[in-house]
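Comments concern the structure below.
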Amino acid sequence: MNVTHLASPLRKGTLLGTVVLCLLAVPAQAAPAAAPPEPDLAGLRGVLDKALGQGAPGAMVRIDDNGTVDSIAVGLADRGDGRGLGNDDRFRIGSITKTFSAVVLMQLADEKKLDLDASVDRYLPGLLPDRGITVRQVLGHRSGLYDYTDEMFAKTVPGFEAVRSKVFTYRQLVDRSLRHKRTNAPGAAYAYSNTNFVVAGMLIEKLTGNSVRTEYQNRIFKPLKLRDTFYVHPGTTIPGRHAKGYLTPDRSGAELVDATDQTVSWAQSAGAVISSTQDLHTFLSALLRGRLMSPAQLAQMERMLPVNSTQAYGLGLRRRDLSCGISVYGHTGAVQGYYSYAFATKDGRRSLAALANTSNNAAVLNTMLGTLESAFCGKQAKLRRAGAVVERSEDVAPGVVRH
């Protein structure tokens with residue numbers, strides 16, 4: 001069953017009402033860069049249909065372009081009752097949570113409660129074995145801390161079932177990492193690790209005296225009036241209308257596993273937020289337009305170091321360089337049953353949020369990246385060579401090679 005929704009363009013400025021409450025004065029902006037080409041809606045629909053053919057029960061995308069909205073949804077939100085997926089559905093955003101965590105820490109830097117270049121040990125004495133690991137290295141995935149999810153989810157479904165109802169402390173997750181040799185010396189190389197953003201959560205709670213949930217709510221959710229965005233840990237359910245998430249087993253042809261209900265305690269501040277395509281637009285647009293922190297701290301987040309030929313990483317923020325020469329900023333997300341994407345032009349004027357409600361499916365992962373090309377490069381998007389590998393790993397167990 002395919003369900004398509006194409007929203008009519010709205011009057012410019014209509015969708016900005018959710019972000020007009022600025023936490024800081026917005027600085028004078030330079031002249032805007034040339035607008036990207038018009039989105040290729042037919043191309044987007046083709047990407048989503050292809051993802052369905054590769055095993056995703058449903059897929060959707062929303063583009064916000066300075067007040068104009070286009071949305072497409074195909075397939076199912078629920079394989080049990082046959083309900084079609086729609087852009088009103090909430091879902092688990094996985095590692096896009098990392099950008100929320102980074103924003104809180106950048107605000108704390110604005111408040112002079114945090115020095116990005118200080119050792120983590122200054123704030124969390126004795127947590128890490130190397131006092132040379134800085135806050136900046138943690139937020140930029142250059143700490144060298146082993147990603148404990150590589151071991152936890154080496155076998156996808158058994159690993160998930162072993163932890164789906166468990167509640168971990170942050171310290172327990174860090175200890176799982178520290179049992180293993182570090183991937184590199186502090187600052188020596190980029191190596192994506194969920195451990196880094198568990199440490200980020202610990203920093204938030206130590207510096208504020210509040211839970212991560214409270215800080216997300218007070219600093220981001222409430223000021224931006226995010227109606228679909230929640231941090232329910234250690235609760236297991238997604239509030240309200242939502243898309244169910246289906247985990248793909250490692251064995252080819254095995255039945256999909258409904259992974260919707262879980263604590264996500266294995267991720268917490270690294271991946272447990274719930275949101276919607278509309279709220280992801282509101283958040284990312286507010287961030288890139290300078291409404292969540294000072295210009296100086298935003299510049300720190302956007303200070304990118306190379307990951308490979310098409311990607312770079314700042315502080316909880318990823319940059320992707322597209323085929324047409326346009327760069328977009330945001331994050332990918334993977335949590336059992338969900339692949340999500342939230343990216344925007346650097347000025348925040350055009351954003352894309354997308355979802356496929358499956359995971360552990362390399363074909364779908366690579367296909368869904370095509371939404372970025374169609375959304376920001378339009379019909380100019382160059383088709384990648386058939387069979388070329390775009391993504392070598394995902395945000396869960398990034399060191400485990402999947403086929």
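Letters A, B, ... mark the chains of the structure tokens in the order given; residue numbers begin at 1 per chain; ligand numbers begin at 1, in order shown.
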
Exercise for review: Give me the residues within 9 Å of stretch 251-257 of chain A as a ChimeraX atom specification, counting only C-alpha atoms and dropping any in the same chain fewer than 6 places off.
Suggested key: /A:157,245,337,358

Would you put the residues from that selection into a file with all heavy atoms, as a compact mmCIF listing (two decimals), in the first residue's frame?
```
# COMPACT_ATOMS: atom_id res chain seq x y z
N VAL A 157 19.76 -8.84 15.84
CA VAL A 157 18.51 -9.10 16.56
C VAL A 157 18.77 -9.65 17.97
O VAL A 157 18.19 -9.14 18.94
CB VAL A 157 17.58 -10.03 15.76
CG1 VAL A 157 16.37 -10.43 16.60
CG2 VAL A 157 17.13 -9.32 14.48
N GLY A 245 8.64 0.80 13.96
CA GLY A 245 9.96 0.56 13.40
C GLY A 245 10.25 -0.92 13.28
O GLY A 245 9.97 -1.69 14.21
N GLY A 337 14.95 -0.22 13.82
CA GLY A 337 13.67 -0.01 13.15
C GLY A 337 13.53 1.31 12.42
O GLY A 337 12.52 1.50 11.73
N THR A 358 12.80 1.14 8.81
CA THR A 358 13.55 -0.10 8.98
C THR A 358 14.98 0.27 9.29
O THR A 358 15.36 1.45 9.23
CB THR A 358 13.47 -0.99 7.73
OG1 THR A 358 13.92 -2.31 8.06
CG2 THR A 358 14.31 -0.45 6.59
```

For the contact check between stretch 296-382 of chain A and stretch 184-201 of chain A, emit one row per residue of stretch 296-382 of chain A within 9 Å, containing the shortest atom pair and the distance in Å rounded to one decimal, counting only C-alpha atoms, chain then rising number order, as CSV.
```
residue,atom,partner,partner_atom,distance
A:Leu305,CA,A:Tyr190,CA,8.4
A:Pro306,CA,A:Tyr190,CA,8.2
A:Val307,CA,A:Tyr190,CA,6.6
A:Tyr313,CA,A:Tyr190,CA,8.5
A:Gly316,CA,A:Phe197,CA,8.7
```

Export of the given selection (all heavy atoms) as a PDB file, in the first residue's frame:
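File part-v8.pdb, as written:
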```pdb
ATOM      1  N   LEU A 305      35.976  19.063  10.296  1.00  0.00           N
ATOM      2  CA  LEU A 305      37.181  18.328   9.937  1.00  0.00           C
ATOM      3  C   LEU A 305      36.765  17.165   9.045  1.00  0.00           C
ATOM      4  O   LEU A 305      35.718  16.558   9.246  1.00  0.00           O
ATOM      5  CB  LEU A 305      37.887  17.820  11.191  1.00  0.00           C
ATOM      6  CG  LEU A 305      38.479  18.912  12.086  1.00  0.00           C
ATOM      7  CD1 LEU A 305      39.009  18.313  13.381  1.00  0.00           C
ATOM      8  CD2 LEU A 305      39.585  19.673  11.360  1.00  0.00           C
ATOM      9  N   PRO A 306      37.573  16.838   8.029  1.00  0.00           N
ATOM     10  CA  PRO A 306      37.172  15.834   7.043  1.00  0.00           C
ATOM     11  C   PRO A 306      36.950  14.454   7.643  1.00  0.00           C
ATOM     12  O   PRO A 306      37.678  14.031   8.542  1.00  0.00           O
ATOM     13  CB  PRO A 306      38.343  15.818   6.058  1.00  0.00           C
ATOM     14  CG  PRO A 306      39.066  17.102   6.270  1.00  0.00           C
ATOM     15  CD  PRO A 306      38.883  17.437   7.716  1.00  0.00           C
ATOM     16  N   VAL A 307      35.924  13.769   7.118  1.00  0.00           N
ATOM     17  CA  VAL A 307      35.685  12.364   7.419  1.00  0.00           C
ATOM     18  C   VAL A 307      36.102  11.522   6.213  1.00  0.00           C
ATOM     19  O   VAL A 307      36.804  10.527   6.336  1.00  0.00           O
ATOM     20  CB  VAL A 307      34.197  12.122   7.746  1.00  0.00           C
ATOM     21  CG1 VAL A 307      33.891  10.636   7.856  1.00  0.00           C
ATOM     22  CG2 VAL A 307      33.814  12.844   9.031  1.00  0.00           C
ATOM     23  N   TYR A 313      32.817  16.477   9.781  1.00  0.00           N
ATOM     24  CA  TYR A 313      32.092  16.481  11.062  1.00  0.00           C
ATOM     25  C   TYR A 313      32.617  17.616  11.922  1.00  0.00           C
ATOM     26  O   TYR A 313      33.822  17.824  12.038  1.00  0.00           O
ATOM     27  CB  TYR A 313      32.270  15.141  11.780  1.00  0.00           C
ATOM     28  CG  TYR A 313      31.156  14.825  12.758  1.00  0.00           C
ATOM     29  CD1 TYR A 313      30.048  14.085  12.356  1.00  0.00           C
ATOM     30  CD2 TYR A 313      31.197  15.276  14.073  1.00  0.00           C
ATOM     31  CE1 TYR A 313      29.011  13.784  13.232  1.00  0.00           C
ATOM     32  CE2 TYR A 313      30.166  14.986  14.965  1.00  0.00           C
ATOM     33  CZ  TYR A 313      29.080  14.242  14.538  1.00  0.00           C
ATOM     34  OH  TYR A 313      28.046  13.956  15.411  1.00  0.00           O
ATOM     35  N   GLY A 316      28.915  17.547  16.942  1.00  0.00           N
ATOM     36  CA  GLY A 316      27.540  17.059  16.906  1.00  0.00           C
ATOM     37  C   GLY A 316      26.800  17.449  15.649  1.00  0.00           C
ATOM     38  O   GLY A 316      25.570  17.413  15.601  1.00  0.00           O
TER      39      GLY A 316
END
```

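When DSSP reads the backbone of this structure, the residues of stretch 26-102 of chain A it assigns to alpha helix (DSSP H) are Leu41, Ala42, Gly43, Leu44, Arg45, Gly46, Val47, Leu48, Asp49, Lys50, Ala51, Leu52, Gly53, Thr97, Lys98, Thr99, Phe100, Ser101 and Ala102 of chain A.
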
Point to revise | Shell of 10 Å around A:Lys155, only C-alpha atoms, local chain residues under 2 positions omitted, as a PyMOL selection string | key: chain A and resi 150-153+157-160+249-250+397+400

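Each of A:Ala272, A:Val103, A:Leu365, A:Val61 was checked against A:Leu288 using only C-alpha atoms; the smallest atom-to-atom distance is that of A:Val103.
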
Point to revise | Non-local contacts of A:Arg92 (12 Å; only C-alpha atoms; under 6 positions in same chain excluded) as number ranges by chain | key: A: 228-233, 236-239, 242-246, 259-264, 267-268, 271-277, 280, 332-341, 354-359

Practice item. Go through A:Gly348, A:Pro398, A:Pro234, A:Gly325 one by one, measure the shortest atom-to-atom distance of each to A:Pro37 using only C-alpha atoms, and give the residue with the smallest value. Key: A:Gly325

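Minimum atom-to-atom distances from A:Thr208, A:Gln217, A:Asn66, A:Gln278 to A:Asp88 were compared using only C-alpha atoms, and the lowest value belongs to A:Gln278.
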
Point to revise | Residues flagged strand (DSSP E or B) by DSSP in stretch 159-390 of chain A, as a count of residues only | key: 43

Excluding same-chain residues fewer than 3 positions from A:Phe343, what lies within 8 Å of it counting only C-alpha atoms, as a PDB file with C-alpha atoms, in the first residue's frame?
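Once everything was written out, this is result_7.pdb:
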```
ATOM      1  CA  LEU A 284      17.525  22.471  12.463  1.00  0.00           C
ATOM      2  CA  VAL A 328      24.194  20.578   3.689  1.00  0.00           C
ATOM      3  CA  TYR A 329      24.412  20.404   7.469  1.00  0.00           C
ATOM      4  CA  GLY A 330      22.643  18.156   9.943  1.00  0.00           C
ATOM      5  CA  HIS A 331      22.817  14.540  11.082  1.00  0.00           C
ATOM      6  CA  SER A 351      15.708  21.700   5.040  1.00  0.00           C
ATOM      7  CA  LEU A 352      14.959  18.051   4.501  1.00  0.00           C
ATOM      8  CA  ALA A 353      13.748  15.507   7.029  1.00  0.00           C
ATOM      9  CA  LEU A 372      19.424  14.716  -0.220  1.00  0.00           C
TER      10      LEU A 372
END
```

Exercise for review: Could you check how far atom CA of A:Ala118 sits from atom CA of A:Gln300, in Å to one decimal?
Suggested key: 14.5 Å

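For the atom pair formed by atom CA of A:Ala363 and atom CA of A:Gln54, the distance is 6.5 Å, given to one decimal.
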
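For the atom pair formed by atom CA of A:Gln311 and atom CA of A:Pro57, the distance is 28.4 Å, given to one decimal.
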
Check your understanding: Looking at A:His141, A:Lys112, A:Val104, A:Asp147, which one is nearest to A:Asn210, with distances taken over only C-alpha atoms?
Key -> A:Val104

Check which residues of stretch 32-132 of chain A sit at most 12 Å from stretch 179-182 of chain A using only C-alpha atoms, and return one row each with the closest pair of atoms and their distance in Å to one decimal, ordered by chain and rising number, as CSV.
```
residue,atom,partner,partner_atom,distance
A:Leu128,CA,A:Arg182,CA,11.2
A:Pro129,CA,A:Arg182,CA,10.4
A:Asp130,CA,A:Arg182,CA,10.3
```

**Study point:** Distance query A:Ile204 at most 12 Å, only C-alpha atoms, self and fewer than 2 positions along chain excluded, as a ChimeraX atom specification
**Key:** /A:100-109,113-114,120,123-124,135,170,197-202,206-216,219,269
